[in-house]
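Chemist: Below are the structure tokens for one structure; questions will follow.
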Amino acid sequence: MKINRVGLLTSGGDSPGMNAAIRSVVKTCIHYDIECFGIRRGYQGLIENDIFKLKSKDVKQIIQLGGTVIKTARSEAFRTAEGRKLAYQNAQKHALEALVVIGGDGSFTGASIFGKEYNIKTIGLPGTIDNDIYGTDNTIGFDTALNTVMEAIDKIRDTASSHERLFFVEVMGRDAGFIALNSGIASGAIEILVPETKYNLESFFKNIEKGAKHGKISNIVVVSEGEKETNIYELAKRTKERFPHYETRISILGHIQRGGSPTCADRVLASRLGVAAIEGLLEGQNAVMAGIKANQVHYTPFEEAIQKRNELDAHLLKTATILAI
């Protein structure tokens, strides 16, 4: 299927590796003699006609950069029929035949609605540090975020050990515990609290007591920001009441997890998916997300990618429990 012009945007929260994906899409377009147009600030830029042609020189020296060089935003206007109409009119001005959208499920929802309303081809690339999008083993930015969190916790452990403290570290993951679970295992946390599992305060206290019996003089507790049954401040307070001899400290890593130069794994993933997006469009794929499953390119309909969620691996949860003490 011949395609002459493609629009490219990043939408929603940024994630490390988005620039590698942008680079890959542009270079793949050049390889297949397709014109690629960047859209600044996501769907808002499409509404405001902030559209420009992307050339090879525009994506030089960006593969190592965090964030997104074409900027991102959340567009309330695009949620309205009037906003999408303006977006389509601007797409028509530039003769765009397809959109490549790098983002999360909210971005894919917008792409799905837009594609159905105006019969424009759409394909998504999963760009989020949360790794909760169905249809891919890993999302762009997840591996980098994990390494950022792990390095931060390693540094926190140095001071925790020096002062014999109990540190509570909050990581991102409003609805999914992938960052907490994986970084907690990698950093030797005594407890990992995630939204997907039921919180049990007494079980948590028993783990601390077991750790003390095994000679642990400092501990790290990793808490996902989406933990529904408690919060990091309440947990630290209750723990101090139960173990008054412990010095407790709280560290919220926040948006540091979104930034930084992407890891090798994220650069390779983003590069593969950028190629898959354009080749998918040429093969007739539409209203799908390109992902990697079992090391193979896999296309998932937007409806599935939006409605379903990646689930935490049961064996990984068991591993965290076994290794906690």
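Convention: chains lettered A, B, ... in structure tokens order; per-chain residue numbering from 1; ligands numbered from 1 as shown.
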Once you count only C-alpha atoms, what closest atom pair and distance in Å to one decimal does each residue of region 149-219 of chain A within 9 Å of region 319-323 of chain A have, with rows by chain and rising residue number, as JSON lines?
Modeler:
```
{"residue": "A:Leu181", "atom": "CA", "partner": "A:Ala320", "partner_atom": "CA", "distance": 7.5}
{"residue": "A:Asn182", "atom": "CA", "partner": "A:Ala320", "partner_atom": "CA", "distance": 8.7}
{"residue": "A:Gly184", "atom": "CA", "partner": "A:Ala320", "partner_atom": "CA", "distance": 7.7}
{"residue": "A:Ile185", "atom": "CA", "partner": "A:Ala320", "partner_atom": "CA", "distance": 5.7}
{"residue": "A:Gly188", "atom": "CA", "partner": "A:Leu323", "partner_atom": "CA", "distance": 7.5}
{"residue": "A:Ala189", "atom": "CA", "partner": "A:Ala320", "partner_atom": "CA", "distance": 8.4}
{"residue": "A:Ile190", "atom": "CA", "partner": "A:Leu323", "partner_atom": "CA", "distance": 8.0}
{"residue": "A:Glu191", "atom": "CA", "partner": "A:Thr321", "partner_atom": "CA", "distance": 7.9}
{"residue": "A:Ile192", "atom": "CA", "partner": "A:Ala320", "partner_atom": "CA", "distance": 7.7}
```
Chemist: Please return, as JSON, numbers by chain, all residues of region 19-151 of chain A that DSSP assigns to strand (DSSP E or B) on the basis of the backbone.
Modeler: {"A": [35, 36, 37, 38, 39, 51, 52, 53, 54, 98, 99, 100, 101, 102, 103, 121, 122, 123, 124, 125, 126, 127, 133, 140]}
Chemist: I'd like the contact shell of Val288 (chain A) - 7 Å cut-off, only C-alpha atoms, skipping same-chain residues fewer than 5 positions apart - returned as a list in words.
Modeler: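 Surrounding residues, per the criterion: Ile123, Gly124, Tyr299, Thr300, Pro301 and Phe302 of chain A.
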Chemist: Quick one: DSSP alpha helix (DSSP H) residues in region 29-143 of chain A, as a PyMOL selection string?
Modeler: chain A and resi 29-31+42-47+81-93+105-118+142-143
Chemist: Would you mind listing what lies within 12 Å of Val223 (chain A) as a PyMOL selection string, with only C-alpha atoms counted and same-chain residues fewer than 6 positions away left out?
Modeler: chain A and resi 149+167-174+176-184+189-197+199+229-236+250-253
Chemist: Let me see the file: selected residues, N, CA and C atoms, as a CSV table (one decimal), in the first residue's frame.
Modeler:
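This is the output file selection.csv:
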```
chain,number,residue,atom,x,y,z
A,149,VAL,N,15.5,4.4,38.9
A,149,VAL,CA,15.0,4.1,40.3
A,149,VAL,C,16.0,3.2,41.0
A,167,PHE,N,14.0,3.2,55.2
A,167,PHE,CA,13.6,4.2,54.2
A,167,PHE,C,12.3,3.7,53.4
A,168,PHE,N,11.4,4.6,53.2
A,168,PHE,CA,10.2,4.3,52.4
A,168,PHE,C,10.4,5.1,51.1
A,169,VAL,N,10.5,4.4,50.0
A,169,VAL,CA,10.7,5.1,48.7
A,169,VAL,C,9.5,4.9,47.8
A,170,GLU,N,8.9,6.0,47.4
A,170,GLU,CA,7.7,6.0,46.5
A,170,GLU,C,8.2,6.2,45.1
A,171,VAL,N,7.7,5.3,44.2
A,171,VAL,CA,8.0,5.3,42.8
A,171,VAL,C,6.7,5.5,42.0
A,172,MET,N,6.9,5.8,40.7
A,172,MET,CA,5.7,6.0,39.9
A,172,MET,C,5.0,4.7,39.6
A,173,GLY,N,3.7,4.8,39.2
A,173,GLY,CA,2.9,3.7,38.9
A,173,GLY,C,1.5,3.9,39.5
A,174,ARG,N,0.7,4.8,39.0
A,174,ARG,CA,-0.6,5.1,39.6
A,174,ARG,C,-1.5,3.9,39.6
A,176,ALA,N,-0.4,0.7,38.0
A,176,ALA,CA,0.4,-0.5,37.8
A,176,ALA,C,1.7,-0.5,38.6
A,177,GLY,N,2.1,-1.7,39.1
A,177,GLY,CA,3.2,-1.8,40.0
A,177,GLY,C,4.5,-2.3,39.3
A,178,PHE,N,4.6,-2.2,38.0
A,178,PHE,CA,5.8,-2.8,37.3
A,178,PHE,C,7.1,-2.1,37.8
A,179,ILE,N,7.1,-0.8,37.9
A,179,ILE,CA,8.3,-0.2,38.3
A,179,ILE,C,8.7,-0.6,39.8
A,180,ALA,N,7.7,-0.5,40.6
A,180,ALA,CA,7.9,-0.9,42.0
A,180,ALA,C,8.4,-2.3,42.2
A,181,LEU,N,7.7,-3.2,41.5
A,181,LEU,CA,8.1,-4.7,41.7
A,181,LEU,C,9.5,-4.9,41.2
A,182,ASN,N,9.8,-4.5,40.0
A,182,ASN,CA,11.1,-4.8,39.4
A,182,ASN,C,12.2,-4.1,40.1
A,183,SER,N,12.0,-2.8,40.4
A,183,SER,CA,13.1,-2.1,41.0
A,183,SER,C,13.3,-2.5,42.5
A,184,GLY,N,12.2,-3.0,43.1
A,184,GLY,CA,12.3,-3.5,44.5
A,184,GLY,C,13.1,-4.8,44.5
A,189,ALA,N,14.8,-4.8,48.2
A,189,ALA,CA,13.8,-4.2,49.2
A,189,ALA,C,13.2,-5.3,50.1
A,190,ILE,N,13.0,-4.9,51.3
A,190,ILE,CA,12.4,-5.8,52.2
A,190,ILE,C,10.9,-6.0,52.0
A,191,GLU,N,10.3,-5.0,51.4
A,191,GLU,CA,8.8,-5.0,51.1
A,191,GLU,C,8.6,-4.2,49.9
A,192,ILE,N,7.6,-4.7,49.1
A,192,ILE,CA,7.2,-3.9,47.8
A,192,ILE,C,5.7,-3.9,47.8
A,193,LEU,N,5.2,-2.7,47.8
A,193,LEU,CA,3.7,-2.5,47.8
A,193,LEU,C,3.3,-2.0,46.4
A,194,VAL,N,2.4,-2.7,45.8
A,194,VAL,CA,1.9,-2.4,44.5
A,194,VAL,C,0.4,-2.4,44.5
A,195,PRO,N,-0.3,-1.7,43.5
A,195,PRO,CA,-1.7,-1.6,43.5
A,195,PRO,C,-2.4,-2.9,43.2
A,196,GLU,N,-1.7,-3.8,42.6
A,196,GLU,CA,-2.4,-5.1,42.2
A,196,GLU,C,-2.5,-6.1,43.3
A,197,THR,N,-1.8,-5.9,44.4
A,197,THR,CA,-1.9,-6.9,45.5
A,197,THR,C,-2.5,-6.3,46.7
A,199,TYR,N,-2.9,-5.1,50.4
A,199,TYR,CA,-2.0,-4.6,51.4
A,199,TYR,C,-2.3,-5.2,52.8
A,229,GLU,N,-4.6,1.1,49.3
A,229,GLU,CA,-5.1,0.9,50.7
A,229,GLU,C,-4.3,1.7,51.7
A,230,THR,N,-3.2,2.4,51.3
A,230,THR,CA,-2.5,3.2,52.2
A,230,THR,C,-1.7,4.2,51.4
A,231,ASN,N,-0.9,5.1,52.1
A,231,ASN,CA,0.0,5.9,51.4
A,231,ASN,C,1.3,5.9,52.1
A,232,ILE,N,2.4,6.4,51.5
A,232,ILE,CA,3.7,6.3,52.1
A,232,ILE,C,3.8,7.0,53.4
A,233,TYR,N,3.1,8.1,53.6
A,233,TYR,CA,3.2,8.8,54.9
A,233,TYR,C,2.5,8.1,56.0
A,234,GLU,N,1.4,7.5,55.7
A,234,GLU,CA,0.6,6.8,56.7
A,234,GLU,C,1.4,5.5,57.1
A,235,LEU,N,2.0,4.9,56.1
A,235,LEU,CA,2.7,3.6,56.3
A,235,LEU,C,4.0,3.9,57.2
A,236,ALA,N,4.7,5.0,56.9
A,236,ALA,CA,5.8,5.3,57.7
A,236,ALA,C,5.4,5.7,59.1
A,250,ILE,N,11.4,9.2,54.4
A,250,ILE,CA,10.6,9.0,53.2
A,250,ILE,C,11.3,9.7,52.1
A,251,SER,N,11.3,9.0,50.9
A,251,SER,CA,11.9,9.6,49.7
A,251,SER,C,10.9,9.4,48.5
A,252,ILE,N,10.5,10.5,47.9
A,252,ILE,CA,9.6,10.4,46.8
A,252,ILE,C,10.4,10.7,45.5
A,253,LEU,N,10.6,9.8,44.7
A,253,LEU,CA,11.5,10.0,43.5
A,253,LEU,C,10.8,10.9,42.5
```
Chemist: What is the CA of His31 (chain A) to CA of Met1 (chain A) distance in Å?
Modeler: 15.2 Å
Chemist: Fewer than 6 positions away in the same chain doesn't count, so skip those; otherwise give me all residues within 6 Å of region 7-11 of chain A, counting only C-alpha atoms, as JSON, numbers by chain.
Modeler: {"A": [36, 37, 38, 39, 42, 72, 73, 99, 100, 101, 102, 103, 107]}
Chemist: Please write the residues from the selection above to a file, keeping N, CA and C atoms, as a tab-separated table (two decimals), in the first residue's frame.
Modeler:
```tsv
chain	number	residue	atom	x	y	z
A	36	CYS	N	7.74	12.75	5.99
A	36	CYS	CA	7.33	12.69	7.39
A	36	CYS	C	7.20	14.10	7.96
A	37	PHE	N	6.07	14.37	8.57
A	37	PHE	CA	5.81	15.69	9.15
A	37	PHE	C	5.66	15.57	10.67
A	38	GLY	N	6.45	16.36	11.37
A	38	GLY	CA	6.36	16.40	12.82
A	38	GLY	C	5.23	17.30	13.26
A	39	ILE	N	4.57	16.93	14.35
A	39	ILE	CA	3.48	17.72	14.92
A	39	ILE	C	3.88	18.06	16.35
A	42	GLY	N	1.86	17.27	20.43
A	42	GLY	CA	0.82	16.27	20.31
A	42	GLY	C	-0.41	16.74	19.56
A	72	THR	N	5.44	17.44	23.82
A	72	THR	CA	4.22	16.69	24.08
A	72	THR	C	3.29	17.52	24.94
A	73	ALA	N	2.03	17.14	24.94
A	73	ALA	CA	1.04	17.86	25.74
A	73	ALA	C	-0.20	17.00	25.86
A	99	LEU	N	-1.25	8.81	10.64
A	99	LEU	CA	-0.63	9.38	11.84
A	99	LEU	C	0.08	8.28	12.61
A	100	VAL	N	1.30	8.58	13.04
A	100	VAL	CA	2.02	7.72	13.98
A	100	VAL	C	2.00	8.43	15.33
A	101	VAL	N	1.41	7.78	16.32
A	101	VAL	CA	1.21	8.38	17.64
A	101	VAL	C	2.04	7.62	18.68
A	102	ILE	N	2.96	8.33	19.32
A	102	ILE	CA	3.78	7.74	20.37
A	102	ILE	C	3.25	8.20	21.72
A	103	GLY	N	2.76	7.26	22.53
A	103	GLY	CA	2.17	7.63	23.81
A	103	GLY	C	1.58	6.44	24.52
A	107	SER	N	-3.52	8.41	24.58
A	107	SER	CA	-3.13	8.85	23.24
A	107	SER	C	-3.73	7.94	22.19
```
Chemist: From the list A:Val222, A:Arg258, A:Thr139, A:Ile30, which residue is nearest Asp14 (chain A) when using only C-alpha atoms?
Modeler: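 Selected residue with least distance to Asp14 (chain A): A:Arg258.
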Chemist: Which residues of region 99-202 of chain A have any atom within 9 Å of an atom in region 260-280 of chain A when counting only C-alpha atoms, and what is the closest pair of atoms for each, with the distance in Å to one decimal? Order the rows by chain and rising number and write it as CSV.
Modeler:
```
residue,atom,partner,partner_atom,distance
A:Val100,CA,A:Ala277,CA,7.1
A:Ile123,CA,A:Ala277,CA,6.4
A:Gly124,CA,A:Ala277,CA,7.4
A:Leu125,CA,A:Leu273,CA,6.7
A:Pro126,CA,A:Leu273,CA,8.8
A:Gly127,CA,A:Ala270,CA,8.7
A:Asn138,CA,A:Leu269,CA,8.3
A:Thr139,CA,A:Leu269,CA,8.2
A:Ile140,CA,A:Asp266,CA,5.7
A:Gly141,CA,A:Asp266,CA,6.0
A:Phe142,CA,A:Asp266,CA,7.5
A:Asp143,CA,A:Asp266,CA,6.2
A:Thr144,CA,A:Thr263,CA,5.3
A:Ala145,CA,A:Gly260,CA,8.5
A:Asn147,CA,A:Thr263,CA,8.2
A:Thr148,CA,A:Gly260,CA,8.0
```
Chemist: Those same residues - C-alpha atoms - I'd like them written as an mmCIF file, in the first residue's frame.
Modeler:
```cif
data_model
loop_
_atom_site.group_PDB
_atom_site.id
_atom_site.type_symbol
_atom_site.label_atom_id
_atom_site.label_comp_id
_atom_site.auth_asym_id
_atom_site.auth_seq_id
_atom_site.Cartn_x
_atom_site.Cartn_y
_atom_site.Cartn_z
ATOM 1 C CA VAL A 100 2.021 7.715 13.980
ATOM 2 C CA ILE A 123 -0.737 3.436 14.277
ATOM 3 C CA GLY A 124 0.575 3.751 17.830
ATOM 4 C CA LEU A 125 3.879 3.152 19.576
ATOM 5 C CA PRO A 126 3.768 2.448 23.345
ATOM 6 C CA GLY A 127 5.655 5.282 25.047
ATOM 7 C CA ASN A 138 7.953 -3.683 27.367
ATOM 8 C CA THR A 139 7.005 -0.089 26.683
ATOM 9 C CA ILE A 140 9.405 2.602 25.534
ATOM 10 C CA GLY A 141 10.952 4.187 28.635
ATOM 11 C CA PHE A 142 10.264 1.404 31.118
ATOM 12 C CA ASP A 143 13.797 0.013 31.210
ATOM 13 C CA THR A 144 15.342 3.473 31.625
ATOM 14 C CA ALA A 145 12.946 4.332 34.460
ATOM 15 C CA ASN A 147 17.526 1.811 36.022
ATOM 16 C CA THR A 148 16.964 5.359 37.282
#
```
Chemist: Neighbouring residues of Glu35 (chain A) were defined as those with any atom within 9 Å, considering only C-alpha atoms; residues of the same chain fewer than 6 positions away were excluded. Please report them as a VMD selection string.
Modeler: chain A and resid 3 to 7 26 29 53 to 55
Chemist: Hey, which of A:Tyr134, A:Phe205, A:Tyr118, A:Phe243 ends up closest to Gly104 (chain A)? Count only C-alpha atoms.
Modeler: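 When distances to Gly104 (chain A) are compared using only C-alpha atoms, the smallest one comes from A:Tyr134.
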Chemist: Go through A:Gln44, A:Gly106, A:Lys318, A:Gln257 and flag the residue nearest Met150 (chain A), using only C-alpha atoms for the distances.
Modeler: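 Result for the nearest residue to Met150 (chain A): A:Gln257.
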Chemist: Find the residue from A:Ser161, A:Asn207, A:Thr136, A:Asn310 that sits nearest to Val297 (chain A); use only C-alpha atoms when measuring.
Modeler: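 Of A:Ser161, A:Asn207, A:Thr136, A:Asn310, the one nearest Val297 (chain A) is A:Thr136, counting only C-alpha atoms.
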Chemist: May I ask which of the residues A:Leu281, A:Ile220, A:Ile208, A:Leu166 is the closest one to Glu247 (chain A), counting only C-alpha atoms?
Modeler: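 Comparing A:Leu281, A:Ile220, A:Ile208, A:Leu166 against Glu247 (chain A), the winner is A:Leu166.
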